[in-house]
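J.: Can you keep this structure in mind? I'll have questions shortly.
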Amino acid sequence: MSQVLDHQLADWRSHALKLENEVRKVIVGQDKAIHLMNIAIFARGHVLLEGGVGVGKTTLLQSITRGIGGAYERIEGTVDLMPNDLIYHTFLGADGRPQIDEGPLLRAGENLSVFFFNEINRARPQVHALMLRVMAERHLHAFKREYRLPHMLVFADRNQVEKNETFEIPSAARDRFMMEIPIEIPSDRELRKSLMFDTRYQHAEDLTQQVEPEILHFDQLNDFSRTIQSHVRASDAIKEYALDLWEATQHPEKFGVKMDSVDAHRLIHTGASPRGMGMLLKAARVHAWLKERDSLYPEDLHAVFHEIVAHRLVFHSMYEMRRTALSRELTSRIIDAVAVPAKA
Amino acid sequence: MNNFIRKFIALASLVLLAHAALAEPSAARIVKLVNPVQSTGIRIGDLMERTVVLEAPAPYQLSRSALPMKGSNRDGIELADLQIEKKDTSQATRYVVTLRYQVFGHASAPAVMTLPEEAFALTGGPQGLSLEIPAWRFWYSPLAVADITTAKGNLQPQLRPPVINAETHRTRLFGFLALLAVSALALAYYNADSRWLPFMNGPFAEAHRRIRRLPVKDDSSWKIALTALHEAFNRAHGRNLFAADIGAFVEKHPQFARARADIAAFFAQSGRALFSDPPQDADVFMKEMAAFSKQLRDCERGAA
């Protein structure tokens, strides 16, 4: 049995790493983001994407969807978008009679594997509410029947630049997302040159087609995710460390966390949630599995700590404008300050 | 005929007597005379010794009653002591006579004085014999100059004894003492477990002390040892040190460069022990931790 499990774990690992490699071939300069998204896929967590326009988020998601199989759907957040737009849309048929079709959320049914909500913060809170409920429950009642979306992962992009006609996602809603992954413009000059002058990057659809299709089986990911979670152990020392990390997100000053321009004591309004810490351990286990280990190490937590915790933190309002920079600094300082094993 | 016999006997007797008279005195002799070595600068109270070796042919003996008188004073020279050693042989008797004189004469200016001549009588033979040693002259030096009238005039200024220049030796002494002190400090710095000096309390020295004090048999000791070492790394690094940061740590603290591979091995071992599989043999594990902490302490002190 153990050998079968080991074989299964190794087999899936090689496929997961292959998916990363395939996507890396078409998306340059986003290696870390691709790795984190791979972790989110196996931890079955929804993802917020943070980044400007034109950095390749759509191509990235389409490439990933091609690699894991299943259907890809997308919707644009607009100020007049209503919840029902996700579920159905009406039109006049060829016979001139009104017709109703399933919306992007239901169209693919159980085959939906990736749903991309572009600029989610342009949509109204009612839309958020529906979306967040579907993300949590993975099913929806419509047309007098139950639609199940068991394999759906939501990737949502936030427009962080413009504030007009946007509705900030409340902290309770942000907490539903496992990670917020930055998609940054590559800083390497050679990569930038490739993006500008290499003509193969001009056609996103062609790029996506270069990814080997269905490297993973999207409809088996839930089961295998459970296998990973039960396989990777957490020692007492790592449990204590995770608890200390959690407490440090609430009271950083207790662990001697100091920041350059901010009094850490006054920075935090609310720290990470229990759900957030649960997701941290879930994602860390996937990282440990990808590193061919069956035990959690501190570096597994570190690998996903910022992306899982930062968007959950609620800062005092005076610091909210500097959220991106401060959250990055705070999570780094917490890792630097919280000792493992804990001081005797 | 009788007259001829009488003449012959008389002649023979005369020959024998003449032979005796000529042969016996020439056999008694002074074999050796040893006078004092120093003949100048003799002062009042000085002791002087003469040794004379006499040989008296049998049956002659040195006459004890005719010896120089102990205590006799001649011209200020007193015979303080007289000792005789005697050694008999079949043909003669040999005497070693030691005469010890003490000078009591005085003069206000350097003057020649004399150890007196002495005569030794030999008796027991047909006629008395005598052996003499000649007088021996020496220069007497007065303690004070001749024309002093008061002691004050004769006083000589007290001069400090000339000082030997010991500056070079003193410099060397201080140099060696300083070297000794530095060597002792260096020895203590490199090897001492205790905190004798402030700069000896580095993070790894402290960790090593903690680990050495831990009971090997205690189940929790290995965890405390690992915690102590990780705390030391964190203190030295200024923040938490993890396996991925070893390169940066070594770059920041080049004294640990030689232990880089061992540090990486420690982090792997620590990870296994704390987060995966606790050590099977705690005894061996603790010995490894003690040795590793000592190695790091030596690196910290620049001794590795």
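The way I read the labels, and the way they are meant: chains A, B, ... in the order of the structure tokens, residue 1 as the first residue of every chain, and ligand 1 as the first ligand shown, with later ones counted on from there.
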Mind running chain B against chain A at 7 Å and telling me each contacting residue's nearest atom pair with the distance in Å (one decimal), counting only C-alpha atoms, chain and number ascending, as a tab-separated table?
T.:
```
residue	atom	partner	partner_atom	distance
B:Thr227	CA	A:Pro341	CA	5.7
B:Arg239	CA	A:Asp336	CA	5.2
B:Asn240	CA	A:Asp336	CA	4.8
B:Gly271	CA	A:Tyr297	CA	6.9
B:Leu274	CA	A:Ala237	CA	6.3
B:Phe275	CA	A:Ser235	CA	5.1
B:Ser276	CA	A:Ser295	CA	5.5
```
J.: Using DSSP assignments from the backbone, pull out every residue in region 168-241 of chain A that falls under helix (DSSP H, G or I) and give it to me as a PyMOL selection string.
T.: chain A and resi 171-174+189-197+199-202+204-209+218-231+236-241
J.: Val31 (chain B): which residues within 12 Å, counting only C-alpha atoms, same-chain residues fewer than 3 positions away excluded, as a list of chain:residue names?
T.: B:Ala27, B:Ala28, B:Val34, B:Thr51, B:Val52, B:Val53, B:Leu54, B:Glu55, B:Ala56, B:Thr93, B:Arg94, B:Tyr95, B:Val96, B:Val97, B:Leu131, B:Glu132, B:Ile133
J.: Between B:Pro278, B:Pro134, B:Gly175, B:Gly71, which has the minimum distance to Arg50 (chain B) (counting only C-alpha atoms)?
T.: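 Of B:Pro278, B:Pro134, B:Gly175, B:Gly71, the one nearest Arg50 (chain B), counting only C-alpha atoms, is B:Pro134.
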J.: For CA of Glu110 (chain A) and CA of Thr58 (chain A), quote the distance in Å rounded to one decimal.
T.: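 For CA of Glu110 (chain A) relative to CA of Thr58 (chain A), the distance reads 21.6 Å.
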J.: Using only C-alpha atoms, which of the listed residues (A:Ser63, A:Ser171, A:Thr166, A:Ser230) sits closest to Arg312 (chain A)?
T.: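 Among the listed residues, A:Ser171 lies closest to Arg312 (chain A).
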